[in-house]
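**Student:** Input file: run-v8.txt. Contents: compact mmCIF, C-alpha atoms.
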# COMPACT_ATOMS: atom_id res chain seq x y z
CA MET A 29 -19.15 3.18 2.85
CA ALA A 30 -17.77 4.70 6.01
CA ALA A 31 -14.78 5.80 3.97
CA MET A 32 -17.03 7.77 1.67
CA LEU A 33 -18.75 9.54 4.49
CA ARG A 34 -15.90 10.70 6.59
CA SER A 35 -12.90 11.11 4.31
CA PRO A 36 -12.63 14.92 4.17
CA ASP A 37 -11.56 15.28 7.78
CA TRP A 38 -8.89 12.64 7.60
CA HIS A 39 -5.83 14.09 9.15
CA LEU A 40 -2.26 13.52 10.12
CA LEU A 41 -3.09 10.45 12.21
CA ILE A 42 -4.05 8.70 9.01
CA VAL A 43 -0.82 9.71 7.31
CA TRP A 44 1.12 8.28 10.22
CA TYR A 45 -0.95 5.13 10.17
CA PHE A 46 -0.36 4.59 6.45
CA PHE A 47 3.34 5.37 6.83
CA LEU A 48 4.04 3.15 9.85
CA GLY A 49 1.85 0.36 8.51
CA GLY A 50 3.90 0.40 5.32
CA ILE A 51 7.18 0.18 7.23
CA ALA A 52 5.83 -2.62 9.40
CA GLY A 53 4.72 -4.66 6.37
CA GLY A 54 7.92 -3.97 4.47
CA ALA A 55 10.19 -4.74 7.41
CA TYR A 56 8.40 -8.01 8.08
CA PHE A 57 8.60 -8.96 4.44
CA ALA A 58 12.34 -8.20 4.25
CA ALA A 59 12.92 -10.10 7.47
CA ALA A 60 11.01 -13.13 6.21
CA ILE A 61 12.99 -13.21 2.97
CA ALA A 62 16.27 -12.83 4.87
CA ASP A 63 15.19 -15.56 7.28
CA ASN A 64 14.15 -18.04 4.62
CA PHE A 65 16.59 -17.38 1.83
CA GLY A 66 19.54 -15.65 3.44
CA SER A 67 22.37 -17.23 5.35
CA ALA A 68 22.71 -17.74 9.09
CA ARG A 69 24.70 -14.52 9.22
CA ASP A 70 21.60 -12.52 8.35
CA LYS A 71 20.18 -13.17 11.79
CA SER A 72 20.48 -9.55 12.86
CA VAL A 73 18.47 -8.53 9.79
CA PHE A 74 15.47 -10.69 10.45
CA ARG A 75 15.48 -10.14 14.17
CA VAL A 76 15.43 -6.37 13.76
CA GLY A 77 12.82 -6.70 11.00
CA TYR A 78 10.43 -8.89 13.00
CA VAL A 79 10.69 -6.83 16.17
CA LEU A 80 10.33 -3.57 14.28
CA ALA A 81 7.25 -4.90 12.51
CA PHE A 82 5.70 -5.95 15.79
CA LEU A 83 6.36 -2.63 17.53
CA LEU A 84 5.06 -0.61 14.61
CA VAL A 85 1.95 -2.69 14.12
CA SER A 86 1.13 -2.08 17.78
CA VAL A 87 1.46 1.66 17.23
CA CYS A 88 -0.77 1.32 14.16
CA GLY A 89 -3.47 -0.35 16.22
CA ILE A 90 -3.43 2.56 18.65
CA LEU A 91 -3.52 5.09 15.81
CA LEU A 92 -6.49 3.33 14.25
CA ILE A 93 -8.43 3.40 17.51
CA LEU A 94 -7.53 7.06 18.13
CA ASP A 95 -8.61 7.95 14.64
CA LEU A 96 -12.06 6.54 15.18
CA GLY A 97 -12.40 8.69 18.29
CA THR A 98 -13.91 6.21 20.69
CA PRO A 99 -12.84 2.62 21.30
CA SER A 100 -16.44 1.43 21.00
CA ARG A 101 -16.47 2.53 17.37
CA PHE A 102 -13.44 0.39 16.76
CA LEU A 103 -15.21 -2.58 18.33
CA ASN A 104 -18.23 -1.86 16.19
CA MET A 105 -16.12 -1.97 13.07
CA LEU A 106 -14.63 -5.29 14.09
CA LYS A 107 -18.07 -6.69 14.80
CA SER A 108 -19.46 -5.80 11.41
CA PHE A 109 -16.99 -7.71 9.29
CA LYS A 110 -17.46 -7.03 5.59
CA PHE A 111 -15.16 -8.80 3.22
CA TRP A 112 -15.77 -6.26 0.43
CA ASP A 113 -14.95 -3.23 2.54
CA PRO A 114 -11.19 -2.59 2.66
CA MET A 115 -11.59 -0.62 5.88
CA SER A 116 -13.26 -3.43 7.76
CA ILE A 117 -10.98 -6.13 6.44
CA GLY A 118 -7.98 -3.87 7.09
CA ALA A 119 -8.74 -3.58 10.78
CA TRP A 120 -8.99 -7.35 11.01
CA MET A 121 -5.85 -7.96 9.01
CA LEU A 122 -3.96 -5.55 11.26
CA GLY A 123 -4.73 -7.88 14.13
CA VAL A 124 -3.74 -10.95 12.13
CA PHE A 125 -0.50 -9.33 11.05
CA GLY A 126 0.17 -8.26 14.63
CA MET A 127 -0.06 -11.87 15.75
CA PHE A 128 2.33 -13.03 13.04
CA ALA A 129 4.77 -10.24 13.90
CA PHE A 130 4.56 -11.10 17.58
CA GLY A 131 5.09 -14.81 16.93
CA SER A 132 8.05 -14.24 14.64
CA SER A 133 9.68 -11.75 17.03
CA ALA A 134 9.33 -14.10 19.97
CA LEU A 135 10.66 -17.06 17.99
CA SER A 136 13.64 -15.02 16.78
CA PHE A 137 14.87 -14.88 20.37
CA MET A 138 14.57 -18.61 20.96
CA GLY A 139 17.29 -21.04 20.08
CA GLY A 140 17.06 -24.45 18.51
CA GLU A 141 16.65 -25.72 14.98
CA GLY A 142 13.02 -26.65 15.55
CA MET A 143 12.14 -23.11 16.57
CA ALA A 144 14.00 -21.73 13.57
CA LYS A 145 12.06 -24.00 11.24
CA LEU A 146 8.76 -22.99 12.78
CA ARG A 147 9.71 -19.33 12.57
CA ARG A 148 10.56 -19.62 8.86
CA ARG A 149 7.29 -21.37 8.06
CA LEU A 150 5.33 -18.84 10.08
CA SER A 151 6.97 -15.90 8.35
CA LEU A 152 6.24 -17.26 4.87
CA ILE A 153 2.53 -17.16 5.68
CA GLY A 154 2.80 -13.94 7.64
CA ILE A 155 4.37 -12.24 4.65
CA ILE A 156 0.95 -12.19 2.99
CA SER A 157 -0.59 -10.24 5.86
CA GLY A 158 2.43 -7.92 5.87
CA PHE A 159 1.97 -7.16 2.20
CA PHE A 160 -1.70 -6.63 2.82
CA ILE A 161 -1.11 -4.06 5.56
CA ALA A 162 1.36 -2.19 3.37
CA ALA A 163 -0.92 -2.09 0.32
CA TYR A 164 -4.55 -2.06 1.43
CA THR A 165 -4.50 1.57 2.51
CA GLY A 166 -3.91 2.61 -1.09
CA VAL A 167 -6.73 0.40 -2.31
CA LEU A 168 -8.93 1.83 0.44
CA LEU A 169 -8.41 5.37 -0.85
CA SER A 170 -9.22 4.39 -4.41
CA ALA A 171 -12.48 2.84 -3.22
CA THR A 172 -13.76 6.20 -1.97
CA ALA A 173 -15.75 8.64 -4.06
CA MET A 174 -13.14 11.40 -3.80
CA PRO A 175 -12.11 12.81 -7.19
CA PHE A 176 -8.33 12.32 -7.11
CA TRP A 177 -8.20 8.99 -5.27
CA ARG A 178 -10.88 7.22 -7.26
CA GLU A 179 -9.05 7.91 -10.51
CA ALA A 180 -5.71 6.79 -9.18
CA ARG A 181 -5.03 3.18 -10.05
CA LEU A 182 -1.89 1.58 -8.67
CA MET A 183 -2.10 3.37 -5.31
CA GLY A 184 -2.00 0.02 -3.55
CA ALA A 185 0.99 -1.03 -5.64
CA LEU A 186 2.71 2.28 -4.95
CA PHE A 187 2.13 2.05 -1.20
CA LEU A 188 3.39 -1.51 -1.26
CA ALA A 189 6.59 -0.56 -3.08
CA SER A 190 7.07 2.34 -0.69
CA GLY A 191 6.38 0.06 2.27
CA ALA A 192 9.09 -2.31 1.05
CA SER A 193 11.64 0.46 0.51
CA THR A 194 10.91 2.23 3.80
CA GLY A 195 10.76 -1.07 5.71
CA MET A 196 14.19 -2.04 4.45
CA ALA A 197 15.51 1.46 5.06
CA ALA A 198 14.26 1.24 8.64
CA ILE A 199 16.00 -2.10 9.15
CA SER A 200 19.25 -0.75 7.75
CA LEU A 201 18.94 2.36 9.89
CA PHE A 202 18.60 0.30 13.05
CA LEU A 203 21.41 -2.04 12.05
CA TYR A 204 23.54 1.05 11.54
CA LEU A 205 22.57 2.46 14.92
CA PHE A 206 23.33 -0.86 16.61
CA GLY A 207 26.78 -0.85 15.04
CA GLU A 208 26.09 -3.76 12.68
CA SER A 209 26.77 -1.87 9.48
CA ALA A 210 29.91 -3.91 8.76
CA GLY A 211 27.95 -7.16 8.52
CA GLU A 212 26.96 -8.96 5.37
CA GLY A 213 23.28 -8.76 6.28
CA TYR A 214 23.47 -5.00 6.25
CA LYS A 215 24.87 -5.00 2.71
CA LYS A 216 22.10 -7.32 1.57
CA VAL A 217 19.37 -5.13 3.04
CA LYS A 218 20.96 -2.17 1.30
CA ARG A 219 20.97 -4.02 -2.00
CA ALA A 220 17.36 -5.17 -1.55
CA ASP A 221 16.39 -1.61 -0.71
CA ARG A 222 18.07 -0.40 -3.89
CA TYR A 223 15.87 -2.76 -5.95
CA ALA A 224 12.78 -1.67 -4.03
CA ILE A 225 13.53 2.02 -4.66
CA MET A 226 14.04 1.38 -8.37
CA PHE A 227 10.78 -0.50 -8.50
CA GLU A 228 9.01 2.28 -6.63
CA LEU A 229 10.26 4.85 -9.14
CA VAL A 230 8.91 2.74 -12.00
CA VAL A 231 5.53 2.28 -10.31
CA LEU A 232 5.39 6.01 -9.54
CA ALA A 233 6.09 6.86 -13.18
CA VAL A 234 3.35 4.53 -14.42
CA PHE A 235 1.02 5.84 -11.72
CA LEU A 236 1.49 9.43 -12.91
CA ALA A 237 1.25 8.43 -16.57
CA LEU A 238 -2.06 6.64 -15.97
CA LEU A 239 -3.43 9.59 -14.02
CA GLY A 240 -2.46 12.10 -16.69
CA GLY A 241 -4.20 15.42 -16.07
CA ALA A 242 -5.93 14.04 -12.99
CA ALA A 243 -2.54 14.05 -11.22
CA GLY A 244 -2.80 17.85 -10.97
CA PRO A 245 -3.39 18.02 -7.19
CA ILE A 246 -0.01 16.46 -6.47
CA VAL A 247 2.21 17.39 -9.44
CA SER A 248 1.25 21.03 -9.91
CA GLY A 249 -0.72 22.28 -6.89
CA HIS A 250 0.62 23.54 -3.59
CA LEU A 251 1.74 19.99 -2.81
CA ALA A 252 3.97 19.88 -5.89
CA PRO A 253 7.21 21.11 -4.24
CA LEU A 254 6.81 18.48 -1.56
CA PHE A 255 6.04 15.80 -4.12
CA TRP A 256 8.88 16.53 -6.54
CA GLY A 257 11.48 17.80 -4.08
CA GLY A 258 10.66 15.74 -1.01
CA LEU A 259 9.55 12.44 -2.46
CA VAL A 260 11.00 12.09 -5.94
CA VAL A 261 14.34 13.87 -5.56
CA ALA A 262 15.23 13.67 -1.86
CA GLY A 263 13.34 10.49 -1.02
CA LEU A 264 14.09 8.31 -4.04
CA VAL A 265 16.60 9.63 -6.57
CA ILE A 266 19.24 10.96 -4.15
CA PRO A 267 19.31 7.83 -1.94
CA LEU A 268 19.58 5.72 -5.07
CA LEU A 269 22.43 7.82 -6.48
CA LEU A 270 24.23 7.83 -3.12
CA ASP A 271 23.91 4.08 -3.02
CA VAL A 272 25.05 3.43 -6.58
CA SER A 273 27.89 5.96 -6.50
CA GLY A 274 29.35 4.22 -3.45
CA LEU A 275 30.03 7.55 -1.79
CA ARG A 276 31.48 7.16 1.68
CA LEU A 277 28.56 8.61 3.58
CA PRO A 278 27.13 7.19 6.79
CA GLY A 279 24.55 4.59 5.78
CA ALA A 280 22.04 6.35 7.99
CA VAL A 281 21.75 9.26 5.55
CA PRO A 282 20.15 7.50 2.55
CA ALA A 283 18.01 5.38 4.90
CA ALA A 284 16.67 8.46 6.65
CA LEU A 285 15.97 10.13 3.32
CA VAL A 286 14.00 7.11 2.11
CA LEU A 287 11.95 7.16 5.31
CA VAL A 288 11.16 10.84 4.99
CA GLY A 289 10.23 10.26 1.33
CA GLY A 290 7.85 7.48 2.34
CA PHE A 291 6.11 9.78 4.79
CA ILE A 292 5.81 12.51 2.16
CA LEU A 293 4.26 10.05 -0.31
CA ARG A 294 1.43 9.23 2.13
CA TYR A 295 1.09 12.86 3.15
CA VAL A 296 0.84 14.20 -0.39
CA ILE A 297 -1.69 11.59 -1.48
CA VAL A 298 -3.87 11.93 1.59
CA MET A 299 -3.75 15.72 1.55
CA ALA A 300 -4.57 15.85 -2.16
CA ASN A 301 -8.16 15.62 -1.01
CA ALA A 302 -8.02 17.27 2.36
CA VAL B 5 -39.99 6.11 -17.70
CA THR B 6 -42.11 5.72 -20.83
CA LYS B 7 -43.79 9.04 -20.15
CA ALA B 8 -40.44 10.70 -19.62
CA GLY B 9 -39.15 9.07 -22.82
CA LYS B 10 -41.94 10.73 -24.78
CA ARG B 11 -41.06 14.05 -23.20
CA VAL B 12 -37.40 13.61 -24.24
CA ALA B 13 -38.48 12.87 -27.81
CA ALA B 14 -40.62 16.02 -27.79
CA LEU B 15 -37.72 18.09 -26.43
CA LYS B 16 -35.41 16.74 -29.13
CA ASP B 17 -37.94 17.88 -31.73
CA MET B 18 -37.85 21.29 -30.13
CA GLY B 19 -34.09 21.50 -30.71
CA TYR B 20 -32.62 20.27 -27.41
CA LYS B 21 -30.34 17.74 -29.09
CA GLU B 22 -28.69 16.57 -25.87
CA ALA B 23 -31.92 16.00 -23.97
CA GLN B 24 -31.77 12.66 -22.22
CA LEU B 25 -32.85 10.65 -19.22
CA TYR B 26 -29.99 10.43 -16.77
CA GLY B 27 -29.78 7.30 -14.67
CA ALA B 28 -32.81 5.60 -16.18
CA ASP B 29 -31.01 2.97 -18.26
CA SER B 30 -31.20 -0.23 -16.26
CA ASN B 31 -28.50 -1.71 -18.52
CA GLY B 32 -26.28 1.30 -17.82
CA PRO B 33 -23.14 1.42 -15.74
CA LEU B 34 -24.84 1.07 -12.38
CA GLY B 35 -27.92 -0.83 -13.47
CA GLY B 36 -29.93 2.35 -13.08
CA LEU B 37 -29.59 4.88 -10.28
CA ASN B 38 -33.01 4.13 -8.75
CA ALA B 39 -33.92 7.67 -9.70
CA PHE B 40 -33.62 9.46 -13.00
CA PHE B 41 -33.48 13.01 -14.22
CA LEU B 42 -34.47 14.68 -17.43
CA LEU B 43 -31.48 16.67 -18.59
CA LEU B 44 -31.51 19.23 -21.41
CA ASP B 45 -27.78 19.03 -22.03
CA LYS B 46 -24.80 16.74 -21.53
CA PRO B 47 -24.48 15.42 -17.93
CA THR B 48 -21.22 17.34 -17.45
CA THR B 49 -23.10 20.63 -17.75
CA TYR B 50 -24.83 19.72 -14.52
CA ALA B 51 -21.58 18.59 -12.86
CA LEU B 52 -22.71 15.01 -13.19
CA PRO B 53 -20.27 12.34 -14.32
CA GLU B 54 -20.70 11.14 -17.93
CA LYS B 55 -20.52 7.54 -16.84
CA PRO B 56 -21.31 7.25 -13.14
CA ALA B 57 -19.36 4.42 -11.55
CA LEU B 58 -19.15 2.93 -8.10
CA PRO B 59 -15.67 3.59 -6.71
CA GLN B 60 -15.94 0.36 -4.74
CA ARG B 61 -15.50 -1.46 -8.04
CA ASN B 62 -11.89 -0.27 -8.14
CA VAL B 63 -11.03 -2.63 -5.33
CA ILE B 64 -10.60 -5.75 -7.44
CA LEU B 65 -8.34 -4.24 -10.11
CA ASP B 66 -6.27 -2.34 -7.57
CA SER B 67 -5.87 -5.43 -5.42
CA LEU B 68 -4.67 -7.45 -8.40
CA LEU B 69 -2.18 -4.73 -9.27
CA SER B 70 -0.96 -4.72 -5.68
CA ILE B 71 -0.50 -8.48 -5.69
CA GLY B 72 1.46 -8.21 -8.93
CA SER B 73 3.78 -5.63 -7.46
CA ALA B 74 4.14 -7.71 -4.29
CA LEU B 75 5.49 -10.54 -6.46
CA LEU B 76 7.93 -8.20 -8.21
CA VAL B 77 9.17 -6.69 -4.95
CA GLY B 78 9.52 -10.21 -3.58
CA VAL B 79 11.67 -11.28 -6.52
CA GLY B 80 13.90 -8.23 -6.00
CA ALA B 81 14.47 -9.00 -2.34
CA LEU B 82 15.03 -12.66 -3.14
CA LEU B 83 17.79 -11.74 -5.58
CA ALA B 84 19.43 -9.46 -3.03
CA PHE B 85 19.47 -12.05 -0.28
CA ARG B 86 20.32 -15.08 -2.33
CA GLN B 87 23.35 -13.86 -4.27
CA ARG B 88 25.77 -14.52 -1.44
CA GLY B 89 23.58 -16.99 0.40
CA GLY B 90 24.03 -19.52 -2.40
CA ALA B 91 27.80 -19.42 -1.97
CA ASP B 92 27.62 -20.74 1.59
CA GLY B 93 27.78 -24.33 0.51
CA GLY B 94 25.96 -27.02 -1.43
CA ALA B 95 23.38 -27.78 1.25
CA ALA B 96 22.35 -24.18 1.72
CA LYS B 97 22.20 -23.70 -2.04
CA SER B 98 19.86 -26.59 -2.76
CA GLY B 99 17.74 -25.59 0.23
CA ALA B 100 17.40 -22.10 -1.15
CA THR B 101 16.50 -23.33 -4.62
CA THR B 102 13.72 -25.64 -3.55
CA ALA B 103 12.33 -23.08 -1.15
CA GLY B 104 12.58 -20.42 -3.85
CA ALA B 105 9.48 -21.73 -5.59
CA ALA B 106 7.36 -21.57 -2.46
CA PRO B 107 6.80 -17.87 -1.76
CA GLU B 108 5.42 -17.10 -5.20
CA GLY B 109 2.90 -19.89 -4.99
CA GLN B 110 1.90 -18.76 -1.53
CA ALA B 111 1.56 -15.17 -2.52
CA LYS B 112 -0.71 -16.23 -5.36
CA ASP B 113 -2.82 -18.31 -3.03
CA GLY B 114 -3.13 -15.29 -0.80
CA GLY B 115 -4.35 -13.29 -3.74
CA HIS B 116 -7.15 -15.64 -4.57
CA ALA B 117 -8.33 -16.00 -1.00
The structure in this file should be written as structure tokens.

**Tutor:**
Amino acid sequence: MAAMLRSPDWHLLIVWYFFLGGIAGGAYFAAAIADNFGSARDKSVFRVGYVLAFLLVSVCGILLILDLGTPSRFLNMLKSFKFWDPMSIGAWMLGVFGMFAFGSSALSFMGGEGMAKLRRRLSLIGIISGFFIAAYTGVLLSATAMPFWREARLMGALFLASGASTGMAAISLFLYLFGESAGEGYKKVKRADRYAIMFELVVLAVFLALLGGAAGPIVSGHLAPLFWGGLVVAGLVIPLLLDVSGLRLPGAVPAALVLVGGFILRYVIVMANA
Amino acid sequence: VTKAGKRVAALKDMGYKEAQLYGADSNGPLGGLNAFFLLLDKPTTYALPEKPALPQRNVILDSLLSIGSALLVGVGALLAFRQRGGADGGAAKSGATTAGAAPEGQAKDGGHA
């Protein structure tokens, strides 16, 4: 209910929270898959993914507290746990996910086969909370009474797909910056990101088709140039084409574009009602 | 409500074809709105929704859709990371295959919880 009462003055903090939460969930998910199903040579991938997820989820916690104004309000929200309210459960799940991300990060720096086994098991369970953090914000918006959000189905799915693509882009960006772009893990993250971007495009198309005329605020209003140019073209189609064409560009370019696109997606959807 | 119903019938006789009681139907979309209004025209004329619905009800469908897309994204990443991983040797391959069934089952469990 709180969402219904205070949504109009949601601001940039929320956009950042949605964006970084998506990256955190996506990076953790990619790391867990690399850890469990990749080869030993993908170590750099999952280590970067786990640590990135942990750092970002910490930032998200701070953003969430700042957004509520006073820390006591945050405590209040935690105290009144409501399983049907995505906002309440989201705050709790952020904490749960933070613990998983912390555990996985710490274990990724410890040696030994036993530790590795524990870390893999942990990440398979943690993946669920990562997905949750990436997706619940979309579901939260659709559970408000605001005209555009309440008609938009698939917002959770869209945020999840975007979280996956931006999370993987963030991992590949850091691998690139750390000089690991020659490794096999880097190529795999790139390939996984390609699939995630394709999937995101499909979800976005279905999302718009389902909305029909109700999509007006983002496809034809003042947000339209940002939506079509920033998200669809620059944030999804161009990185995909760059990737498929095999053009010899620094890998940081498509990754950065995907990240910017992910931010624009949250911005456009949040501002559609602001 | 009965009194209001009579009034609606009278209004319809007077030519207000769209006259109705808004929010009175306890079998309606929200089980009644706890208050009702006598409208002389379609609800949209008064900027009221035709079928009022609680937006909180979107949560279940949207969550299911999110879980579905989580599975699809998971399959995509699995394909990307396994293609070369399987070539590392027999042991790694069989390990990957048996473990491959696990994440889907877990994700589903997460969905029901």

**Student:** Counting all atoms listed in the file, which residues of stretch 173-253 of chain A sit at most 6 Å from some atom of stretch 53-59 of chain A, and what is each one's closest atom pair with its distance in Å to one decimal, listed by chain and rising residue number, as a Markdown table?

**Tutor:**
| residue | atom | partner | partner_atom | distance |
| --- | --- | --- | --- | --- |
| A:Gly191 | CA | A:Gly54 | CA | 4.8 |
| A:Ala192 | CA | A:Gly54 | CA | 4.0 |
| A:Gly195 | CA | A:Ala55 | CA | 4.1 |
| A:Met196 | CA | A:Ala55 | CA | 5.7 |

**Student:** Residues within 8 Å of A:Ile297, please, as a PyMOL selection string. Count only C-alpha atoms; anything in the same chain fewer than 3 positions from it doesn't count.

**Tutor:** chain A and resi 177+246+293-294+300-301

**Student:** Taking only C-alpha atoms into account, name the residue in B:Val79, B:Ala8, B:Asp17, B:Asn62 that is nearest to chain A.

**Tutor:**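 For chain A, the nearest of the given residues is B:Asn62.
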
**Student:** What gap, in Å, lies between atom CA of A:Ala237 and atom CA of A:Ile161?

**Tutor:**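 Separation of atom CA of A:Ala237 and atom CA of A:Ile161: 25.5 Å.
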
**Student:** Using all atoms listed in the file, which residues of chain A come within 9 Å of chain B, and what is the closest atom pair for each, with the distance in Å to one decimal? Give it as JSON lines, sorted by chain and residue number.

**Tutor:**
{"residue": "A:Met29", "atom": "CA", "partner": "B:Gln60", "partner_atom": "CA", "distance": 8.7}
{"residue": "A:Phe57", "atom": "CA", "partner": "B:Gly78", "partner_atom": "CA", "distance": 8.2}
{"residue": "A:Ala58", "atom": "CA", "partner": "B:Ala81", "partner_atom": "CA", "distance": 7.0}
{"residue": "A:Ile61", "atom": "CA", "partner": "B:Leu82", "partner_atom": "CA", "distance": 6.5}
{"residue": "A:Ala62", "atom": "CA", "partner": "B:Phe85", "partner_atom": "CA", "distance": 6.1}
{"residue": "A:Asn64", "atom": "CA", "partner": "B:Ala100", "partner_atom": "CA", "distance": 7.8}
{"residue": "A:Phe65", "atom": "CA", "partner": "B:Ala100", "partner_atom": "CA", "distance": 5.6}
{"residue": "A:Gly66", "atom": "CA", "partner": "B:Phe85", "partner_atom": "CA", "distance": 5.2}
{"residue": "A:Ser67", "atom": "CA", "partner": "B:Gly89", "partner_atom": "CA", "distance": 5.1}
{"residue": "A:Ala68", "atom": "CA", "partner": "B:Gly89", "partner_atom": "CA", "distance": 8.8}
{"residue": "A:Asp70", "atom": "CA", "partner": "B:Phe85", "partner_atom": "CA", "distance": 8.9}
{"residue": "A:Trp112", "atom": "CA", "partner": "B:Val63", "partner_atom": "CA", "distance": 8.3}
{"residue": "A:Asp113", "atom": "CA", "partner": "B:Gln60", "partner_atom": "CA", "distance": 8.2}
{"residue": "A:Pro114", "atom": "CA", "partner": "B:Val63", "partner_atom": "CA", "distance": 8.0}
{"residue": "A:Leu152", "atom": "CA", "partner": "B:Pro107", "partner_atom": "CA", "distance": 6.7}
{"residue": "A:Ile153", "atom": "CA", "partner": "B:Gln110", "partner_atom": "CA", "distance": 7.4}
{"residue": "A:Ile155", "atom": "CA", "partner": "B:Ala111", "partner_atom": "CA", "distance": 8.2}
{"residue": "A:Ile156", "atom": "CA", "partner": "B:Ala111", "partner_atom": "CA", "distance": 6.3}
{"residue": "A:Ser157", "atom": "CA", "partner": "B:Gly114", "partner_atom": "CA", "distance": 8.7}
{"residue": "A:Phe159", "atom": "CA", "partner": "B:Ala74", "partner_atom": "CA", "distance": 6.9}
{"residue": "A:Phe160", "atom": "CA", "partner": "B:Ser70", "partner_atom": "CA", "distance": 8.7}
{"residue": "A:Ala163", "atom": "CA", "partner": "B:Ser70", "partner_atom": "CA", "distance": 6.6}
{"residue": "A:Tyr164", "atom": "CA", "partner": "B:Ser67", "partner_atom": "CA", "distance": 7.7}
{"residue": "A:Gly166", "atom": "CA", "partner": "B:Asp66", "partner_atom": "CA", "distance": 8.5}
{"residue": "A:Val167", "atom": "CA", "partner": "B:Asp66", "partner_atom": "CA", "distance": 5.9}
{"residue": "A:Leu168", "atom": "CA", "partner": "B:Val63", "partner_atom": "CA", "distance": 7.6}
{"residue": "A:Ser170", "atom": "CA", "partner": "B:Asn62", "partner_atom": "CA", "distance": 6.5}
{"residue": "A:Ala171", "atom": "CA", "partner": "B:Gln60", "partner_atom": "CA", "distance": 4.5}
{"residue": "A:Thr172", "atom": "CA", "partner": "B:Pro59", "partner_atom": "CA", "distance": 5.7}
{"residue": "A:Ala173", "atom": "CA", "partner": "B:Pro59", "partner_atom": "CA", "distance": 5.7}
{"residue": "A:Met174", "atom": "CA", "partner": "B:Pro59", "partner_atom": "CA", "distance": 8.7}
{"residue": "A:Arg178", "atom": "CA", "partner": "B:Pro59", "partner_atom": "CA", "distance": 6.0}
{"residue": "A:Glu179", "atom": "CA", "partner": "B:Pro59", "partner_atom": "CA", "distance": 8.8}
{"residue": "A:Arg181", "atom": "CA", "partner": "B:Asp66", "partner_atom": "CA", "distance": 6.2}
{"residue": "A:Leu182", "atom": "CA", "partner": "B:Asp66", "partner_atom": "CA", "distance": 6.0}
{"residue": "A:Met183", "atom": "CA", "partner": "B:Asp66", "partner_atom": "CA", "distance": 7.4}
{"residue": "A:Gly184", "atom": "CA", "partner": "B:Ser70", "partner_atom": "CA", "distance": 5.3}
{"residue": "A:Ala185", "atom": "CA", "partner": "B:Ser70", "partner_atom": "CA", "distance": 4.2}
{"residue": "A:Leu186", "atom": "CA", "partner": "B:Ser70", "partner_atom": "CA", "distance": 7.9}
{"residue": "A:Phe187", "atom": "CA", "partner": "B:Ser70", "partner_atom": "CA", "distance": 8.7}
{"residue": "A:Leu188", "atom": "CA", "partner": "B:Ala74", "partner_atom": "CA", "distance": 6.9}
{"residue": "A:Ala189", "atom": "CA", "partner": "B:Val77", "partner_atom": "CA", "distance": 6.9}
{"residue": "A:Ala192", "atom": "CA", "partner": "B:Val77", "partner_atom": "CA", "distance": 7.4}
{"residue": "A:Glu212", "atom": "CA", "partner": "B:Arg88", "partner_atom": "CA", "distance": 8.9}
{"residue": "A:Gly213", "atom": "CA", "partner": "B:Phe85", "partner_atom": "CA", "distance": 8.3}
{"residue": "A:Lys216", "atom": "CA", "partner": "B:Phe85", "partner_atom": "CA", "distance": 5.7}
{"residue": "A:Val217", "atom": "CA", "partner": "B:Ala84", "partner_atom": "CA", "distance": 7.5}
{"residue": "A:Lys218", "atom": "CA", "partner": "B:Ala84", "partner_atom": "CA", "distance": 8.6}
{"residue": "A:Arg219", "atom": "CA", "partner": "B:Ala84", "partner_atom": "CA", "distance": 5.7}
{"residue": "A:Ala220", "atom": "CA", "partner": "B:Ala81", "partner_atom": "CA", "distance": 4.9}
{"residue": "A:Asp221", "atom": "CA", "partner": "B:Ala81", "partner_atom": "CA", "distance": 7.8}
{"residue": "A:Tyr223", "atom": "CA", "partner": "B:Gly80", "partner_atom": "CA", "distance": 5.8}
{"residue": "A:Ala224", "atom": "CA", "partner": "B:Val77", "partner_atom": "CA", "distance": 6.3}
{"residue": "A:Phe227", "atom": "CA", "partner": "B:Val77", "partner_atom": "CA", "distance": 7.3}
{"residue": "A:Val231", "atom": "CA", "partner": "B:Ser73", "partner_atom": "CA", "distance": 8.6}
